[in-house]
Structure formats: structure tokens, C-alpha cells
file model-v4.txt (compact mmCIF, C-alpha atoms)
# COMPACT_ATOMS: atom_id res chain seq x y z
CA MET R 342 173.53 142.53 183.40
CA ASP R 343 175.52 140.32 185.71
CA SER R 344 174.17 136.98 186.84
CA ILE R 345 173.05 138.17 190.27
CA PRO R 346 170.42 140.86 189.90
CA THR R 347 170.96 143.78 192.19
CA PHE R 348 168.28 146.08 193.46
CA ASN R 349 168.21 149.52 194.88
CA ALA R 350 166.50 148.81 198.20
CA GLU R 351 164.90 152.23 198.42
CA HIS R 352 163.36 152.03 194.98
CA LEU R 353 162.15 148.52 195.61
CA GLN R 354 160.55 149.67 198.82
CA SER R 355 158.85 152.58 197.14
CA ASN R 356 157.51 150.26 194.45
CA MET R 357 156.14 147.92 197.07
CA LYS R 358 154.56 150.83 198.86
CA THR R 359 152.80 151.77 195.65
CA ILE R 360 151.48 148.24 195.32
CA TYR R 361 150.28 148.27 198.90
CA TYR R 362 148.50 151.58 198.41
CA SER R 363 146.75 150.56 195.23
CA ARG R 364 145.63 147.29 196.75
CA THR R 365 144.28 148.93 199.88
CA PHE R 366 142.54 151.61 197.88
CA LEU R 367 140.94 149.14 195.50
CA SER R 368 139.88 146.81 198.30
CA ILE R 369 138.10 149.67 200.07
CA ILE R 370 136.42 150.82 196.88
CA GLY R 371 135.60 147.24 195.99
CA GLY R 372 134.13 146.65 199.42
CA VAL R 373 131.82 149.62 199.06
CA ILE R 374 130.76 148.50 195.60
CA ALA R 375 130.14 144.93 196.76
CA GLY R 376 128.07 146.22 199.66
CA ILE R 377 125.95 148.48 197.50
CA MET R 378 125.39 145.76 194.94
CA GLY R 379 124.25 143.53 197.77
CA PHE R 380 126.62 140.63 197.25
CA THR R 381 126.41 138.01 199.96
CA SER R 382 128.66 135.18 201.10
CA LEU R 383 130.61 133.58 198.26
CA THR R 384 129.76 136.15 195.61
CA GLY R 385 131.45 138.85 197.63
CA PHE R 386 134.66 136.92 198.07
CA ILE R 387 134.73 136.03 194.40
CA PHE R 388 134.30 139.73 193.72
CA TYR R 389 137.31 140.42 195.96
CA PHE R 390 139.43 137.90 194.07
CA LEU R 391 138.31 139.47 190.83
CA ILE R 392 139.27 142.93 192.04
CA MET R 393 142.67 141.72 193.17
CA ALA R 394 143.23 139.97 189.85
CA ILE R 395 142.35 143.17 188.02
CA THR R 396 144.74 145.06 190.28
CA SER R 397 147.51 142.61 189.50
CA VAL R 398 146.93 142.95 185.78
CA GLY R 399 146.85 146.72 186.13
CA LEU R 400 150.11 146.73 188.08
CA LEU R 401 151.70 144.45 185.52
CA ALA R 402 150.58 146.72 182.73
CA LYS R 403 151.98 149.70 184.61
CA ALA R 404 155.30 147.87 184.97
CA GLY R 405 155.26 147.20 181.24
CA PHE R 406 155.10 143.46 181.84
CA THR R 407 158.76 143.43 182.85
CA VAL R 408 158.37 142.55 186.49
CA HIS R 409 162.04 141.94 187.11
CA SER R 410 163.10 145.46 186.36
CA TYR R 411 160.90 146.73 189.20
CA PHE R 412 160.50 143.88 191.68
CA ASP R 413 162.57 140.95 192.81
CA SER R 414 159.90 138.31 192.34
CA TRP R 415 156.50 137.71 190.82
CA ASN R 416 154.92 137.21 194.21
CA ARG R 417 155.38 140.89 194.95
CA VAL R 418 153.00 141.87 192.19
CA LEU R 419 150.58 139.02 192.56
CA LEU R 420 150.26 138.43 196.28
CA ASP R 421 151.59 141.31 198.37
CA GLY R 422 148.96 143.12 200.40
CA PHE R 423 146.36 140.50 199.65
CA LEU R 424 145.41 139.64 203.22
CA GLY R 425 145.80 143.18 204.47
CA GLY R 426 143.32 144.29 201.86
CA LEU R 427 140.87 141.55 202.80
CA MET R 428 140.28 143.05 206.24
CA SER R 429 139.48 146.46 204.80
CA PHE R 430 137.35 144.84 202.13
CA VAL R 431 135.24 142.92 204.67
CA LEU R 432 134.79 145.98 206.84
CA PHE R 433 133.61 148.25 204.06
CA TRP R 434 131.57 145.52 202.45
CA THR R 435 129.73 144.99 205.73
CA PHE R 436 129.32 148.69 206.29
CA ALA R 437 127.86 149.45 202.88
CA TYR R 438 125.75 146.31 202.85
CA ASP R 439 124.24 147.17 206.21
CA LEU R 440 123.56 150.74 205.28
CA VAL R 441 121.83 149.84 202.04
CA HIS R 442 120.21 146.47 202.54
CA ILE R 443 119.71 145.58 206.19
CA PHE R 444 117.99 148.57 207.62
CA MET X 716 118.97 131.18 208.71
CA ALA X 717 115.72 130.77 210.55
CA GLU X 718 114.32 134.26 210.40
CA ASP X 719 115.68 137.68 209.67
CA LEU X 720 115.88 140.18 212.44
CA VAL X 721 114.41 143.54 211.64
CA LEU X 722 116.80 146.24 212.72
CA ASP X 723 115.54 149.70 213.48
CA THR X 724 116.87 152.41 211.20
CA ALA X 725 117.57 154.45 214.30
CA ILE X 726 120.28 151.94 215.14
CA ARG X 727 121.92 152.70 211.83
CA ASP X 728 121.67 156.44 212.33
CA TRP X 729 122.69 156.52 215.97
CA VAL X 730 124.96 153.53 216.45
CA LEU X 731 126.51 152.19 213.29
CA ILE X 732 127.40 155.40 211.50
CA PRO X 733 128.52 157.41 214.56
CA LEU X 734 130.63 154.53 215.79
CA SER X 735 132.47 154.22 212.48
CA VAL X 736 132.90 157.95 212.06
CA VAL X 737 134.21 158.33 215.60
CA MET X 738 136.69 155.52 215.07
CA VAL X 739 138.06 157.21 211.96
CA LEU X 740 138.25 160.61 213.62
CA ILE X 741 139.95 159.21 216.71
CA GLY X 742 142.47 157.47 214.51
CA ILE X 743 143.26 160.76 212.80
CA LEU X 744 143.44 162.60 216.11
CA ARG X 745 145.77 159.99 217.53
CA HIS X 746 148.00 160.31 214.52
CA PHE X 747 148.42 164.03 214.99
CA VAL X 748 148.77 163.86 218.76
CA SER X 749 151.51 161.29 218.53
CA LYS X 750 153.15 163.40 215.86
CA LEU X 751 153.12 166.34 218.24
CA MET X 752 154.51 164.37 221.14
CA ARG X 753 157.23 162.66 219.19
CA SER X 754 160.51 164.18 220.14
CA SER X 755 162.09 165.64 217.08
CA GLN X 756 164.67 163.45 215.45
CA VAL X 757 168.04 165.01 214.92
CA PRO X 758 168.29 165.67 211.21
CA ASP X 759 171.03 163.85 209.40
CA ALA X 760 173.26 166.74 208.53
CA LYS X 761 175.98 166.34 206.02
CA ILE X 762 178.69 165.00 208.23
CA GLY X 763 181.76 167.09 208.63
CA SER X 764 181.04 169.65 206.00
CA GLU X 765 181.97 172.44 208.37
CA PHE X 766 185.49 171.14 208.98
CA THR X 767 188.54 171.35 206.86
CA PHE X 768 189.75 168.10 205.44
CA ARG X 769 192.45 167.63 208.06
CA SER X 770 190.24 168.12 211.08
CA PHE X 771 187.61 165.94 209.45
CA ARG X 772 190.12 163.13 209.15
CA ALA X 773 191.21 163.58 212.74
CA ARG X 774 187.67 163.46 214.02
CA ARG X 775 186.86 160.44 211.96
CA PHE X 776 189.94 158.69 213.25
CA TYR X 777 188.87 159.48 216.79
CA PHE X 778 185.59 157.67 216.23
CA SER X 779 186.47 154.81 213.99
CA ASN X 780 190.05 153.72 214.48
CA GLU X 781 190.52 150.04 215.08
CA GLU X 782 192.27 149.94 218.45
CA ASN X 783 190.67 152.50 220.69
CA GLY X 784 188.17 154.39 218.58
CA LEU X 785 185.00 155.50 220.23
CA LEU X 786 182.79 153.34 218.05
CA HIS X 787 184.96 150.25 218.32
CA VAL X 788 183.48 147.64 220.64
CA PRO X 789 185.87 144.85 221.60
CA LYS X 790 184.57 141.38 221.00
CA GLY X 791 183.06 139.58 223.96
CA GLN X 792 182.93 142.72 225.99
CA ALA X 793 179.54 143.88 224.95
CA PRO X 794 177.67 145.49 227.83
CA ASN X 795 174.34 144.27 229.04
CA PRO X 796 171.82 145.07 226.30
CA GLN X 797 169.13 146.00 228.76
CA ALA X 798 171.31 148.56 230.45
CA GLN X 799 172.39 149.83 227.07
CA MET X 800 168.81 150.41 226.07
CA PHE X 801 167.99 152.37 229.15
CA SER X 802 171.11 154.44 228.83
CA ASP X 803 169.34 156.20 225.98
CA PRO X 804 166.49 157.80 227.90
CA ASN X 805 165.17 159.45 224.79
CA MET X 806 164.34 156.13 223.24
CA ALA X 807 162.61 154.75 226.30
CA MET X 808 160.71 158.01 226.63
CA ASP X 809 159.66 157.86 223.00
CA MET X 810 158.40 154.35 223.39
CA MET X 811 156.45 155.26 226.46
CA LYS X 812 154.83 158.19 224.74
CA LYS X 813 153.84 156.02 221.81
CA ASN X 814 152.48 153.42 224.17
CA LEU X 815 150.42 156.00 225.99
CA SER X 816 149.09 157.53 222.81
CA MET X 817 147.99 154.08 221.77
CA ILE X 818 146.44 152.86 224.96
CA ILE X 819 144.61 155.93 226.20
CA PRO X 820 142.39 156.53 223.16
CA GLN X 821 141.66 152.83 222.83
CA THR X 822 140.59 152.54 226.43
CA LEU X 823 138.49 155.65 226.15
CA THR X 824 136.71 154.57 222.99
CA PHE X 825 136.13 151.14 224.36
CA ALA X 826 134.63 152.56 227.53
CA TRP X 827 132.52 154.94 225.45
CA VAL X 828 131.20 152.14 223.26
CA ASN X 829 130.53 149.98 226.27
CA PHE X 830 128.68 152.71 228.07
CA PHE X 831 126.44 153.92 225.28
CA PHE X 832 126.06 151.06 222.88
CA SER X 833 126.23 147.86 224.88
CA GLY X 834 123.80 145.20 223.80
CA PHE X 835 122.88 146.49 220.37
CA VAL X 836 122.77 144.31 217.34
CA ALA X 837 124.43 146.88 215.16
CA ALA X 838 125.27 145.16 211.92
CA LYS X 839 125.04 142.01 209.89
CA ILE X 840 127.97 140.66 207.97
CA PRO X 841 126.96 139.53 204.50
CA PHE X 842 128.38 136.03 204.74
CA PRO X 843 127.60 133.07 206.99
CA LEU X 844 129.97 131.96 209.70
CA THR X 845 130.19 129.00 212.03
CA GLN X 846 129.21 129.01 215.68
CA ARG X 847 132.80 129.46 216.78
CA PHE X 848 132.71 133.08 215.73
CA ARG X 849 129.85 133.84 218.07
CA SER X 850 132.04 134.99 220.94
CA MET X 851 134.00 137.15 218.53
CA LEU X 852 131.12 138.77 216.71
CA GLN X 853 128.42 138.89 219.36
CA ASN X 854 130.43 140.12 222.24
CA GLY X 855 127.96 141.64 224.66
CA ILE X 856 124.85 139.78 223.54
CA ASP X 857 124.07 136.66 225.48
CA LEU X 858 121.59 135.05 223.14
CA SER X 859 122.37 131.73 221.54
CA THR X 860 119.48 131.84 219.07
CA VAL X 861 120.58 134.86 217.08
CA ASP X 862 122.22 134.03 213.79
CA VAL X 863 125.99 134.31 214.02
CA SER X 864 126.26 136.78 211.16
CA TYR X 865 124.69 139.49 213.28
CA VAL X 866 127.32 141.67 214.87
CA SER X 867 126.99 143.42 218.19
CA SER X 868 128.13 146.98 218.57
CA ARG X 869 131.10 146.11 220.73
CA SER X 870 132.31 143.65 218.12
CA TRP X 871 131.71 146.20 215.41
CA TYR X 872 134.12 148.38 217.34
CA PHE X 873 136.74 145.67 217.20
CA LEU X 874 136.14 145.09 213.50
CA ASN X 875 136.67 148.79 212.94
CA LEU X 876 139.81 148.78 215.04
CA PHE X 877 141.45 146.20 212.83
CA GLY X 878 139.89 146.97 209.49
CA LEU X 879 140.54 150.70 209.44
CA ARG X 880 144.31 150.25 209.43
CA GLY X 881 144.31 150.17 205.66
CA LEU X 882 142.23 153.33 205.44
CA PHE X 883 144.59 155.13 207.82
CA SER X 884 147.58 154.20 205.77
CA LEU X 885 145.82 155.71 202.80
CA ILE X 886 144.74 158.98 204.34
CA LEU X 887 147.59 159.60 206.77
CA GLY X 888 150.58 158.36 204.84
CA GLU X 889 152.59 155.31 205.67
CA ASP X 890 154.31 156.39 208.88
CA ASN X 891 151.13 156.83 210.87
CA ALA X 892 150.66 156.05 214.51
CA THR X 893 148.97 152.74 213.90
CA ASP X 894 152.15 151.36 212.42
CA ASP X 895 154.05 152.07 215.59
CA THR X 896 152.98 148.82 217.17
CA GLN X 897 155.02 146.85 214.72
CA ARG X 898 158.04 149.06 215.11
CA MET X 899 157.78 148.80 218.88
CA MET X 900 157.70 145.03 218.71
CA GLN X 901 160.77 145.00 216.56
CA MET X 902 162.57 147.28 218.94
CA SER X 903 161.78 145.43 222.10
CA GLY X 904 162.17 142.06 220.43
CA PHE X 905 165.88 141.95 219.91
CA GLY X 906 167.16 144.52 222.33
CA PHE X 907 170.20 146.46 221.27
CA ASP X 908 173.39 144.88 220.07
CA PRO X 909 176.16 147.45 220.39
CA THR X 910 178.66 145.56 218.29
CA LYS X 911 176.26 145.43 215.41
CA SER X 912 174.83 148.90 215.46
CA LEU X 913 178.09 150.62 216.32
CA GLY X 914 179.79 148.60 213.62
CA ALA X 915 177.25 149.78 211.10
CA GLU X 916 177.72 153.34 212.27
CA LYS X 917 181.47 152.98 211.97
CA ASP X 918 181.21 151.57 208.47
CA SER X 919 179.00 154.38 207.32
CA LEU X 920 181.40 156.86 208.87
CA ASP X 921 184.26 155.21 207.05
CA ILE X 922 182.73 155.71 203.64
CA VAL X 923 181.68 159.32 204.15
CA GLN X 924 183.11 161.52 201.45
CA HIS X 925 184.50 164.73 202.78
CA ASP X 926 182.76 167.68 201.30
CA TRP X 927 183.66 171.00 202.71
CA ALA X 928 180.87 173.51 202.94
CA LEU X 929 183.17 176.52 202.77
CA PRO X 930 185.65 176.15 199.95
CA LYS X 931 187.54 179.36 199.25
CA PHE X 932 185.50 181.18 201.83
CA GLU X 933 188.32 183.62 202.53
CA GLN X 934 188.20 184.82 198.96
CA ARG X 935 184.43 185.01 199.00
CA ALA X 936 184.43 186.92 202.26
CA GLU X 937 187.00 189.27 200.86
CA ALA X 938 184.89 189.88 197.77
CA VAL X 939 181.82 190.57 199.84
CA LEU X 940 183.67 192.90 202.17
CA ARG X 941 185.16 194.79 199.26
CA LYS X 942 181.73 195.20 197.77
CA VAL X 943 180.40 196.49 201.06
CA LEU X 944 183.27 198.92 201.50
CA SER X 945 183.28 200.27 197.98
call {"tool": "encode", "arguments": {"input": "model-v4.txt", "output": "C-alpha cells"}}
result
Amino acid sequence: MDSIPTFNAEHLQSNMKTIYYSRTFLSIIGGVIAGIMGFTSLTGFIFYFLIMAITSVGLLAKAGFTVHSYFDSWNRVLLDGFLGGLMSFVLFWTFAYDLVHIF
Amino acid sequence: MAEDLVLDTAIRDWVLIPLSVVMVLIGILRHFVSKLMRSSQVPDAKIGSEFTFRSFRARRFYFSNEENGLLHVPKGQAPNPQAQMFSDPNMAMDMMKKNLSMIIPQTLTFAWVNFFFSGFVAAKIPFPLTQRFRSMLQNGIDLSTVDVSYVSSRSWYFLNLFGLRGLFSLILGEDNATDDTQRMMQMSGFGFDPTKSLGAEKDSLDIVQHDWALPKFEQRAEAVLRKVLS
């Protein structure tokens, strides 16, 4: 390897898309679970952080713990899609919580 | 929280669930409508594979030579970007169609929600919020005593509008209609710089490898004809 790592932009993009998908998917599923379990306020957000941490670990395991052969920085695996997932999480959390517990 | 409101289950059955389902369905419908209306992009054919090598070189020279090639824009002589953008009517048309396919369903759903569901307390978010969120979450209810975590139906519509983006990207694939807003912003943001885009086009034309689609086609045609005749 030379000193400057080079990346195939298309492959990098497809990897990031995979990350985005898995995060969105898990945040929706996690939102539904949190709603059904009846988590409120802080518990729910802690649950979201937990889910995202598990996702990160899962993605790392999938990448064989060699992040730099798939992504250009650690932040891609750990942080990308975090806020985008939060919106979906809150929506589905609210929805499931209302359906099960409020009415 | 002073006291809990008791919400009627009929509100769940006739407001909350239908509203969410309709939002999802309208998102899907919009995706397919905008897919229908999108003018078909010209497929990127393998450039020049139908020419012989000599005519390919000549054509490439015509486009990309340094003095008076078609794709060569002299420095400092770039035309007005606005005019350049409108000289491609297809692009403007495309943007307008996208715009329309965004705005019309949103206006319609908003009017629908307003007409049927105005004034309902439709949902309750499971975490407390400060008073500042009242105007955001209780749009359409003018009561200052209701706890802020109760959401009115109109605000539930807005929550859906923003929160369902992730779901759409899951079920419709990544190039769905909801992503078009971002692309549109990019496009209108920095106009059209002919030097840059034509330069990129020229560079990519320069590195195209010639690959003729019909090598030895005389021989092949002869073989086929012989087979037919015999």
C-alpha cells in the first residue's frame, strides 16, 4: 500500500448506503419495540443509543474489524445516519406507544 | 404532568392509523407518479463503438480539440449561467415536474387533514418537552393547559411528513421522489458552470477507449450469407 490510501468512490458509496439502510431499518424496528415495551422519556433515548451501538458493533463485525479497507474513516461506521435514524425512531416509537398504551 | 387525558379509542381507529397509512400510501403513489413523469434519460451508450477507428478519432477531435473544439470553452468568455440553464429546456421541465409532483400531493393531504381532522388530540409523544414546542406539536389546538407532549392531528401529519423519509428510502430504494428536494437544491444552488462541466465532459471523452462493435463484420456477413445460400 502506498502512503495515501485510495478508494473506489463507487464502492465506498455503496458501503455507506448499506450502513444507512441498516441504521434506518434498525431505528424503525427499535422504535416499534420501544413503543410496545412502553419506554418513556429518557429510557427510550437510551434504548436508541443502545440500538445504534449494537448496529455499530454489528457493522464492525461485518467489516471484519478492518474499517479502513471498507471506509475512509471511523466516523462512517460509528456516526453516519445517526440523526436521520432518530427521526424515524421517534415517529415509530410514538406510533407504537400510542397504539398500545395511550388508548 | 397534572392529569392524563383520556383519548377515545375511536380517535386511534379513525384518525391516527388512517392518517399514517394514508401518508405512507401517498408517498408510494408520489414515487411512482414522478417515476412515470420523469423524462427518460438517454442511456449512456458505449461511445463510438459503431464507428471505425479513424472516424472515431475524427469525431473526437471535432469535440475535444484545444483550439476550436465544440467542448472547448475559452476562458473568461463563459456565457451567462442563467441563460445556459434555460437553454436546456428538458432540465427546466424536469425540475418543474418534480416540483409539481412534490407540491400537489402535499397540499392535497394537508387540506384533507385540515378538513377532516382539525382539532383532534391524536397522539402523545412518550417524552416530555418544554413549552416552546407547543406551537410545533399542538398546531390547531388553542389550549394552553394541555400538556405539551400531546400532539394534535395536524402536527402528527407534519411528524409523519418528516419521519417517514427513512421508511421510504427502505421500501422504495434510494432514488425515490422524496430525495429529489436535495438534488433540486444542489442544482439550483450553483447554477451551471460551462467551463467546468464541459471540461469534465471533454476529459472523459479524451480517455474513452475505442472499441469497435463490428470487428471483421464483412467476414461474418459473408459467412452468414454463405450459410443462407447453401
call {"tool": "interface_residues", "arguments": {"input": "model-v4.txt", "of": "chain R", "to": "chain X", "cutoff": "7 Å", "atoms": "all atoms listed in the file", "output": "JSON, numbers by chain"}}
result
{"R": [362, 365, 381, 382, 428, 429, 432, 435, 439, 444]}
call {"tool": "residues_around", "arguments": {"input": "model-v4.txt", "residues": "Tyr361 (chain R)", "least_positions_apart": "6", "cutoff": "12 Å", "atoms": "only C-alpha atoms", "output": "count of residues only"}}
result
24
call {"tool": "atom_distance", "arguments": {"input": "model-v4.txt", "atom1": "CA of His925 (chain X)", "atom2": "CA of Phe771 (chain X)"}}
result
7.5 Å
call {"tool": "residues_around", "arguments": {"input": "model-v4.txt", "residues": "Phe380 (chain R)", "least_positions_apart": "4", "cutoff": "9 Å", "atoms": "all atoms listed in the file", "output": "MDAnalysis selection string"}}
result
(chainID R and resid 375:376 384:386 388 434 438) or (chainID X and resid 841:842)
call {"tool": "write_last_selection", "arguments": {"input": "model-v4.txt", "atoms": "C-alpha atoms", "output": "PDB file, in the frame of the given file"}}
result
ATOM      1  CA  ALA R 375     130.140 144.930 196.760  1.00  0.00           C
ATOM      2  CA  GLY R 376     128.070 146.220 199.660  1.00  0.00           C
ATOM      3  CA  THR R 384     129.760 136.150 195.610  1.00  0.00           C
ATOM      4  CA  GLY R 385     131.450 138.850 197.630  1.00  0.00           C
ATOM      5  CA  PHE R 386     134.660 136.920 198.070  1.00  0.00           C
ATOM      6  CA  PHE R 388     134.300 139.730 193.720  1.00  0.00           C
ATOM      7  CA  TRP R 434     131.570 145.520 202.450  1.00  0.00           C
ATOM      8  CA  TYR R 438     125.750 146.310 202.850  1.00  0.00           C
TER       9      TYR R 438
ATOM     10  CA  PRO X 841     126.960 139.530 204.500  1.00  0.00           C
ATOM     11  CA  PHE X 842     128.380 136.030 204.740  1.00  0.00           C
TER      12      PHE X 842
END
call {"tool": "atom_distance", "arguments": {"input": "model-v4.txt", "atom1": "CA of Ile818 (chain X)", "atom2": "CA of Ser749 (chain X)"}}
result
11.8 Å
call {"tool": "atom_distance", "arguments": {"input": "model-v4.txt", "atom1": "CA of Asp862 (chain X)", "atom2": "CA of Val836 (chain X)"}}
result
10.9 Å
call {"tool": "axis_aligned_box", "arguments": {"input": "model-v4.txt", "around": "region 387-391 of chain R", "padding_each_side": "8 Å", "output": "AutoDock Vina command-line options"}}
result
--center_x 136.9 --center_y 138.2 --center_z 193.4 --size_x 21.1 --size_y 20.4 --size_z 21.1
call {"tool": "decode", "arguments": {"input": "model-v4.txt", "residues": "region 375-412 of chain R", "atoms": "N, CA and C atoms", "output": "PDB file, in the first residue's frame"}}
result
ATOM      1  N   ALA R 375     -39.532  -0.191  21.223  1.00  0.00           N
ATOM      2  CA  ALA R 375     -39.572   0.724  22.370  1.00  0.00           C
ATOM      3  C   ALA R 375     -41.005   1.136  22.684  1.00  0.00           C
ATOM      4  N   GLY R 376     -41.802   1.359  21.624  1.00  0.00           N
ATOM      5  CA  GLY R 376     -43.176   1.748  21.841  1.00  0.00           C
ATOM      6  C   GLY R 376     -43.984   0.644  22.494  1.00  0.00           C
ATOM      7  N   ILE R 377     -43.770  -0.582  22.038  1.00  0.00           N
ATOM      8  CA  ILE R 377     -44.554  -1.687  22.586  1.00  0.00           C
ATOM      9  C   ILE R 377     -44.148  -1.972  24.026  1.00  0.00           C
ATOM     10  N   MET R 378     -42.851  -1.839  24.304  1.00  0.00           N
ATOM     11  CA  MET R 378     -42.403  -2.049  25.675  1.00  0.00           C
ATOM     12  C   MET R 378     -42.841  -0.920  26.597  1.00  0.00           C
ATOM     13  N   GLY R 379     -43.261   0.190  26.012  1.00  0.00           N
ATOM     14  CA  GLY R 379     -43.753   1.283  26.826  1.00  0.00           C
ATOM     15  C   GLY R 379     -42.669   2.130  27.462  1.00  0.00           C
ATOM     16  N   PHE R 380     -41.526   2.253  26.803  1.00  0.00           N
ATOM     17  CA  PHE R 380     -40.492   3.131  27.326  1.00  0.00           C
ATOM     18  C   PHE R 380     -40.946   4.578  27.235  1.00  0.00           C
ATOM     19  N   THR R 381     -40.641   5.359  28.246  1.00  0.00           N
ATOM     20  CA  THR R 381     -40.939   6.782  28.161  1.00  0.00           C
ATOM     21  C   THR R 381     -39.677   7.587  28.411  1.00  0.00           C
ATOM     22  N   SER R 382     -39.743   8.814  27.944  1.00  0.00           N
ATOM     23  CA  SER R 382     -38.676   9.822  28.070  1.00  0.00           C
ATOM     24  C   SER R 382     -37.273   9.233  27.937  1.00  0.00           C
ATOM     25  N   LEU R 383     -36.482   9.301  29.001  1.00  0.00           N
ATOM     26  CA  LEU R 383     -35.055   9.019  28.863  1.00  0.00           C
ATOM     27  C   LEU R 383     -34.794   7.564  28.481  1.00  0.00           C
ATOM     28  N   THR R 384     -35.599   6.673  29.024  1.00  0.00           N
ATOM     29  CA  THR R 384     -35.383   5.246  28.739  1.00  0.00           C
ATOM     30  C   THR R 384     -35.384   4.982  27.239  1.00  0.00           C
ATOM     31  N   GLY R 385     -36.323   5.619  26.556  1.00  0.00           N
ATOM     32  CA  GLY R 385     -36.422   5.405  25.124  1.00  0.00           C
ATOM     33  C   GLY R 385     -35.184   5.865  24.390  1.00  0.00           C
ATOM     34  N   PHE R 386     -34.662   7.033  24.777  1.00  0.00           N
ATOM     35  CA  PHE R 386     -33.484   7.538  24.078  1.00  0.00           C
ATOM     36  C   PHE R 386     -32.264   6.685  24.378  1.00  0.00           C
ATOM     37  N   ILE R 387     -32.192   6.208  25.629  1.00  0.00           N
ATOM     38  CA  ILE R 387     -31.083   5.305  25.962  1.00  0.00           C
ATOM     39  C   ILE R 387     -31.190   4.040  25.119  1.00  0.00           C
ATOM     40  N   PHE R 388     -32.423   3.582  24.945  1.00  0.00           N
ATOM     41  CA  PHE R 388     -32.659   2.410  24.101  1.00  0.00           C
ATOM     42  C   PHE R 388     -32.175   2.669  22.678  1.00  0.00           C
ATOM     43  N   TYR R 389     -32.432   3.891  22.179  1.00  0.00           N
ATOM     44  CA  TYR R 389     -31.977   4.230  20.825  1.00  0.00           C
ATOM     45  C   TYR R 389     -30.457   4.191  20.737  1.00  0.00           C
ATOM     46  N   PHE R 390     -29.796   4.780  21.750  1.00  0.00           N
ATOM     47  CA  PHE R 390     -28.334   4.755  21.751  1.00  0.00           C
ATOM     48  C   PHE R 390     -27.822   3.317  21.779  1.00  0.00           C
ATOM     49  N   LEU R 391     -28.486   2.507  22.572  1.00  0.00           N
ATOM     50  CA  LEU R 391     -28.101   1.103  22.674  1.00  0.00           C
ATOM     51  C   LEU R 391     -28.211   0.420  21.313  1.00  0.00           C
ATOM     52  N   ILE R 392     -29.350   0.668  20.657  1.00  0.00           N
ATOM     53  CA  ILE R 392     -29.568   0.046  19.341  1.00  0.00           C
ATOM     54  C   ILE R 392     -28.488   0.485  18.367  1.00  0.00           C
ATOM     55  N   MET R 393     -28.183   1.791  18.380  1.00  0.00           N
ATOM     56  CA  MET R 393     -27.182   2.288  17.448  1.00  0.00           C
ATOM     57  C   MET R 393     -25.806   1.708  17.775  1.00  0.00           C
ATOM     58  N   ALA R 394     -25.523   1.546  19.069  1.00  0.00           N
ATOM     59  CA  ALA R 394     -24.237   0.950  19.445  1.00  0.00           C
ATOM     60  C   ALA R 394     -24.160  -0.486  18.939  1.00  0.00           C
ATOM     61  N   ILE R 395     -25.283  -1.207  19.104  1.00  0.00           N
ATOM     62  CA  ILE R 395     -25.301  -2.596  18.629  1.00  0.00           C
ATOM     63  C   ILE R 395     -25.112  -2.637  17.122  1.00  0.00           C
ATOM     64  N   THR R 396     -25.779  -1.678  16.422  1.00  0.00           N
ATOM     65  CA  THR R 396     -25.614  -1.612  14.974  1.00  0.00           C
ATOM     66  C   THR R 396     -24.159  -1.397  14.608  1.00  0.00           C
ATOM     67  N   SER R 397     -23.512  -0.459  15.311  1.00  0.00           N
ATOM     68  CA  SER R 397     -22.117  -0.179  15.009  1.00  0.00           C
ATOM     69  C   SER R 397     -21.257  -1.421  15.189  1.00  0.00           C
ATOM     70  N   VAL R 398     -21.488  -2.117  16.301  1.00  0.00           N
ATOM     71  CA  VAL R 398     -20.704  -3.324  16.554  1.00  0.00           C
ATOM     72  C   VAL R 398     -20.965  -4.359  15.465  1.00  0.00           C
ATOM     73  N   GLY R 399     -22.255  -4.472  15.081  1.00  0.00           N
ATOM     74  CA  GLY R 399     -22.591  -5.417  14.031  1.00  0.00           C
ATOM     75  C   GLY R 399     -21.919  -5.071  12.724  1.00  0.00           C
ATOM     76  N   LEU R 400     -21.923  -3.769  12.383  1.00  0.00           N
ATOM     77  CA  LEU R 400     -21.282  -3.345  11.131  1.00  0.00           C
ATOM     78  C   LEU R 400     -19.781  -3.602  11.182  1.00  0.00           C
ATOM     79  N   LEU R 401     -19.199  -3.330  12.350  1.00  0.00           N
ATOM     80  CA  LEU R 401     -17.770  -3.578  12.503  1.00  0.00           C
ATOM     81  C   LEU R 401     -17.463  -5.056  12.317  1.00  0.00           C
ATOM     82  N   ALA R 402     -18.312  -5.893  12.928  1.00  0.00           N
ATOM     83  CA  ALA R 402     -18.086  -7.323  12.806  1.00  0.00           C
ATOM     84  C   ALA R 402     -18.214  -7.756  11.359  1.00  0.00           C
ATOM     85  N   LYS R 403     -19.190  -7.156  10.660  1.00  0.00           N
ATOM     86  CA  LYS R 403     -19.379  -7.488   9.248  1.00  0.00           C
ATOM     87  C   LYS R 403     -18.168  -7.066   8.429  1.00  0.00           C
ATOM     88  N   ALA R 404     -17.557  -5.938   8.812  1.00  0.00           N
ATOM     89  CA  ALA R 404     -16.372  -5.469   8.095  1.00  0.00           C
ATOM     90  C   ALA R 404     -15.117  -6.181   8.576  1.00  0.00           C
ATOM     91  N   GLY R 405     -15.267  -7.155   9.447  1.00  0.00           N
ATOM     92  CA  GLY R 405     -14.117  -7.898   9.930  1.00  0.00           C
ATOM     93  C   GLY R 405     -13.168  -7.067  10.755  1.00  0.00           C
ATOM     94  N   PHE R 406     -13.692  -6.032  11.383  1.00  0.00           N
ATOM     95  CA  PHE R 406     -12.911  -5.137  12.242  1.00  0.00           C
ATOM     96  C   PHE R 406     -11.741  -4.469  11.519  1.00  0.00           C
ATOM     97  N   THR R 407     -11.797  -4.448  10.194  1.00  0.00           N
ATOM     98  CA  THR R 407     -10.791  -3.686   9.455  1.00  0.00           C
ATOM     99  C   THR R 407     -11.503  -2.573   8.723  1.00  0.00           C
ATOM    100  N   VAL R 408     -11.800  -1.518   9.476  1.00  0.00           N
ATOM    101  CA  VAL R 408     -12.623  -0.435   8.935  1.00  0.00           C
ATOM    102  C   VAL R 408     -11.990   0.183   7.705  1.00  0.00           C
ATOM    103  N   HIS R 409     -10.663   0.290   7.717  1.00  0.00           N
ATOM    104  CA  HIS R 409     -10.035   1.087   6.662  1.00  0.00           C
ATOM    105  C   HIS R 409      -9.967   0.376   5.327  1.00  0.00           C
ATOM    106  N   SER R 410     -10.333  -0.877   5.276  1.00  0.00           N
ATOM    107  CA  SER R 410     -10.408  -1.481   3.948  1.00  0.00           C
ATOM    108  C   SER R 410     -11.786  -1.284   3.336  1.00  0.00           C
ATOM    109  N   TYR R 411     -12.739  -0.773   4.113  1.00  0.00           N
ATOM    110  CA  TYR R 411     -14.071  -0.518   3.542  1.00  0.00           C
ATOM    111  C   TYR R 411     -14.475   0.951   3.579  1.00  0.00           C
ATOM    112  N   PHE R 412     -14.000   1.686   4.583  1.00  0.00           N
ATOM    113  CA  PHE R 412     -14.427   3.076   4.735  1.00  0.00           C
ATOM    114  C   PHE R 412     -13.208   3.960   4.939  1.00  0.00           C
TER     115      PHE R 412
END
